[in-house]
Amino acid sequence: MTLQLRPTFSESWYRVQSLKPRLRPSAQVSRQHYRGELWYVVRDPAANQYHRLSDAAYQFVGLLDGTRTVGEAWELVGGQLADDAPTQPEVIQILSQLYAANLIETNIPPDATVLLRRHKKQQLQKGKQRLMNLLFPRIPLWDPDNFLKTWRVLNHAVFSLPGAIIWLIVVGLAIAAVVPHWQQLMDQSKKTLFFQLSIENALLMYLAFAVIKFIHELGHAFSCRRFGGEVHEMGIMFLVLFPAPYVDASSAWSFPNKWQRILVGGGGMVFELFVAAICAFVWVWTKDSGSWLNTFMYNIMLVASVSTVVFNINPLLRYDGYYMLSDLLEIPNLQFRSREYSLSLIKRFIFRVKWSQPLPTPSARPWMVAFFATSGPYRLFVGFMIMILVLYQLPREVQIIGIFMGVASLVMFIGVPIFQSVKYLFTEPELHRKRLRAIAISLLFVAGLVGLTGIWGLPVRVRAQGVVDAGTKSLIYPALAGGVVSEVRAGDGQMVAAGDVIVIARNEELEARVVGLRAQLEGARVQLRSAIADDPAEVGRLREQIAAIEKRLETDEKSLADLTIRTPIAGRLIAPGLKNTIGTWLQPGRPIGEVFDESTLMVYAAVNQNDHGRLTRDPTSHETEVRLLSDLFNPITIASSDTFVASRALSEVRNPAMTVTAGGEIAPDPSDPSGRKVADTVFELQAKLPSTATYLPGQRAWVRVTVADRQSLLMQGYIKVRQLILQTQSN
């Protein structure tokens, strides 16, 4: 066992030794076990304040009855527990924490004025914490406790063995119902996940988010109430200006059984997955209707599944998964304790500072180090992405709020840790006689970090977003006369040869006119033969009449022949819904499909002027990688000889999907109704796809080109951020 330095005495002991505090009469105490050790949770139900005490600390607090001084209680507990008794600094810390949590009162009864001031101070402090949390402010709106009591019978039925069996059956059947339609679900997901949303669907998506998250929070509230907890606060929190419901189920922290606490943490996911399963049945039932109900059901399934995987069950963020992992590992306050223990390892083995805090149990130490090593960088990454989001994605009307929140993110995730580190190095008393060593090692670490990020050159990668299109393609148009489809001989995705018949249409009016013209032509020819023998003067007129009829007949016969629609070139036919056009009228000028040559498929992307200079400096050494929306996890390597960058700047892109309004990355010209003109000139990057595989044109593609240049990570990051800011200003 590692020896720890636990100073027995404190120079501030005289300030507290004569006090006669005691736990408040309203305080509630519950016992919990963590890794075989007994702990006590002290709770004030009125203020919803908690504090966790070890067995030794609780034995000391238990001796404080309002008549015994702190000094007397410390001597008594020292006689009972010997070396395990809390030291004087630990006693001061325990008293400070209990007092801050409003869980103890002193031997001098405070008057009402002091009590009101103290309560007001607590409320003011709580309000300051909400205001300081600029990215996630909370607004309480409702006390749901009476509502939960009203439905406690249903609550007991849900959280029971029969309820669990019903939940498993419903969710299992929903999965079985969706699997046969998996491809259709994926096709719908691609449009939504990559922001190909209409205004109507965007509103439905937010409505689905609000509904499913409200149900999620009710799941926490019901599960907490099921095991005896109280829930007195429910409201709205803002996730980067995005309103979302929340509930305060912190009374579950005092539950003795860890599995009850874990179930409260997962109660929201239990509720929302059950609702998503019900929506899955409705989605399957309405999958071919194209109605708003089908879209709404899909949105609920998407929000429930994606939010559960990305946020709720992710333990690296302080959401449900974090608290469930903390209870499962039996390490309370996992994030704080992991940080404190990991930093104490640095202090002990690098700064040579002796242990000043009790060490966690040996079995908990690897988990704490692993959590600190993964959660810290991940939270920094999330904070950086939030900063980019609020600086880059918000509309111009509220951009000042985005800038303010971006600065707050920088201060919170970068500025505060740097300030705390510097303050620790120069002012912390525990670094006495170790300060120069700690400062020197810290400076060496900073120098190494600057060298790795600011000096060491890394490969430069140019990233762009584009679309897949064919170099050789042709649209298929119906006849100018129009007609009703009577037969369809080819389908979407089918390979066709040049001249193949794909659609046969009929136009009864045109057919009748052709029959009439043929009859007129035959009659005119009979008259001509008679006139040649009997009336030579009529021959000229009849010949002119026959010529006019033949010309009109030729035109109508060509229009009639055009009603048999053929493919102009060989390739793959793209005509969604063509099989469903039988009996419908084909509008002239509106294409019914497209044929493209698969051997000429290209990815067309747009790059800015800076990236254009990099790409044209040494094009023969490029390494190009393309990922298509239809197969994101299988990158396609393109030879440098099949990659081309246009030298002429363009004021418009090839496809509107490449602009921000359609989910792309290029800022569009707001005055252009076509959506193809861009705010700043761009250069087209072309990459030829291999002809050995089948890809569909029109889909989104991501291109990454590794160029010959090498730049430091810091410089590459600076350039990217600067480009984002310039793009934001141009918008």
# chains A, B, ... in the order shown; residues from 1 in each chain; ligands from 1
$ select_by_dssp --residues "segment 590-670 of chain A" --states "strand (DSSP E)" --output "PyMOL selection string"
chain A and resi 593-596+601-607+623-628+631-638+643-645+650-652
$ residues_around --residues "segment 473-482 of chain A" --least-positions-apart "4" --cutoff "6 Å" --atoms "only C-alpha atoms" --output "NGL selection string"
:A and (562-563 or 586-588 or 591-596)
$ write_last_selection --atoms "C-alpha atoms" --output "compact mmCIF listing (two decimals), in the first residue's frame"
# COMPACT_ATOMS: atom_id res chain seq x y z
CA ASP A 562 -41.61 10.10 -81.27
CA LEU A 563 -44.24 8.77 -78.87
CA LEU A 586 -46.32 12.98 -70.46
CA GLN A 587 -45.73 16.72 -70.40
CA PRO A 588 -43.61 18.00 -73.30
CA PRO A 591 -37.52 14.90 -68.85
CA ILE A 592 -38.67 11.45 -67.80
CA GLY A 593 -35.20 10.10 -67.08
CA GLU A 594 -31.51 10.20 -67.82
CA VAL A 595 -28.98 7.81 -69.29
CA PHE A 596 -25.35 8.03 -68.22
$ select_by_dssp --residues "segment 459-553 of chain A" --states "alpha helix (DSSP H)" --output "PyMOL selection string"
chain A and resi 508-534+539-553
$ closest_residue --among "A:Leu203, A:Leu263, A:Leu380, A:Val653" --to "Tyr323 of chain A" --atoms "only C-alpha atoms"
A:Leu263
$ closest_residue --among "A:Arg31, A:Val703, A:Tyr695, A:Ala657" --to "Pro635 of chain A" --atoms "only C-alpha atoms"
A:Val703
$ closest_residue --among "A:Gln465, A:Thr8, A:Ser344, A:Asn608" --to "Thr659 of chain A" --atoms "only C-alpha atoms"
A:Gln465
$ residues_around --residues "segment 577-582 of chain A" --least-positions-apart "4" --cutoff "9 Å" --atoms "only C-alpha atoms" --output "ChimeraX atom specification"
/A:484-492,503,505,586,592-593
$ residues_around --residues "segment 311-318 of chain A" --least-positions-apart "6" --cutoff "10 Å" --atoms "only C-alpha atoms" --output "count of residues only"
19
$ atom_distance --atom1 "atom CA of Ser621 of chain A" --atom2 "atom CA of Thr643 of chain A"
10.8 Å
$ decode --residues "segment 449-468 of chain A" --atoms "N, CA, C and O atoms" --output "compact mmCIF listing (two decimals), in the first residue's frame"
# COMPACT_ATOMS: atom_id res chain seq x y z
N LEU A 449 5.13 20.79 -26.68
CA LEU A 449 3.81 20.88 -27.31
C LEU A 449 3.82 21.88 -28.46
O LEU A 449 3.28 21.62 -29.54
N VAL A 450 4.47 23.03 -28.22
CA VAL A 450 4.58 24.03 -29.28
C VAL A 450 5.39 23.49 -30.45
O VAL A 450 5.07 23.70 -31.62
N GLY A 451 6.46 22.73 -30.13
CA GLY A 451 7.26 22.14 -31.19
C GLY A 451 6.48 21.15 -32.03
O GLY A 451 6.58 21.13 -33.26
N LEU A 452 5.69 20.32 -31.36
CA LEU A 452 4.91 19.31 -32.09
C LEU A 452 3.81 19.94 -32.93
O LEU A 452 3.53 19.49 -34.04
N THR A 453 3.16 20.96 -32.37
CA THR A 453 2.02 21.55 -33.08
C THR A 453 2.39 22.76 -33.94
O THR A 453 1.70 23.03 -34.92
N GLY A 454 3.46 23.47 -33.57
CA GLY A 454 3.79 24.70 -34.28
C GLY A 454 4.99 24.64 -35.18
O GLY A 454 5.20 25.55 -36.00
N ILE A 455 5.82 23.60 -35.05
CA ILE A 455 7.05 23.53 -35.84
C ILE A 455 7.08 22.28 -36.71
O ILE A 455 7.37 22.34 -37.90
N TRP A 456 6.76 21.14 -36.14
CA TRP A 456 6.86 19.88 -36.87
C TRP A 456 5.85 19.85 -38.01
O TRP A 456 4.65 20.00 -37.81
N GLY A 457 6.34 19.67 -39.20
CA GLY A 457 5.48 19.68 -40.37
C GLY A 457 4.71 18.38 -40.54
O GLY A 457 5.27 17.29 -40.41
N LEU A 458 3.45 18.51 -40.86
CA LEU A 458 2.58 17.37 -41.13
C LEU A 458 2.04 17.47 -42.55
O LEU A 458 1.98 18.57 -43.11
N PRO A 459 1.62 16.35 -43.13
CA PRO A 459 1.06 16.41 -44.49
C PRO A 459 -0.15 17.34 -44.54
O PRO A 459 -0.99 17.33 -43.64
N VAL A 460 -0.22 18.11 -45.60
CA VAL A 460 -1.33 19.03 -45.79
C VAL A 460 -2.39 18.33 -46.64
O VAL A 460 -2.09 17.78 -47.70
N ARG A 461 -3.61 18.37 -46.16
CA ARG A 461 -4.72 17.73 -46.87
C ARG A 461 -5.76 18.78 -47.23
O ARG A 461 -6.22 19.52 -46.36
N VAL A 462 -6.10 18.80 -48.48
CA VAL A 462 -7.16 19.69 -48.96
C VAL A 462 -8.45 18.89 -49.01
O VAL A 462 -8.51 17.84 -49.66
N ARG A 463 -9.46 19.38 -48.32
CA ARG A 463 -10.76 18.70 -48.28
C ARG A 463 -11.81 19.53 -49.00
O ARG A 463 -11.83 20.76 -48.86
N ALA A 464 -12.63 18.85 -49.74
CA ALA A 464 -13.69 19.53 -50.49
C ALA A 464 -14.90 18.61 -50.58
O ALA A 464 -14.78 17.39 -50.45
N GLN A 465 -16.04 19.24 -50.78
CA GLN A 465 -17.28 18.49 -50.91
C GLN A 465 -17.85 18.72 -52.30
O GLN A 465 -17.80 19.85 -52.81
N GLY A 466 -18.36 17.66 -52.91
CA GLY A 466 -18.88 17.79 -54.25
C GLY A 466 -19.99 16.81 -54.54
O GLY A 466 -20.61 16.27 -53.62
N VAL A 467 -20.21 16.55 -55.82
CA VAL A 467 -21.26 15.64 -56.25
C VAL A 467 -20.69 14.73 -57.34
O VAL A 467 -19.71 15.06 -58.01
N VAL A 468 -21.34 13.58 -57.50
CA VAL A 468 -20.97 12.64 -58.56
C VAL A 468 -21.83 12.95 -59.79
O VAL A 468 -23.04 13.12 -59.69
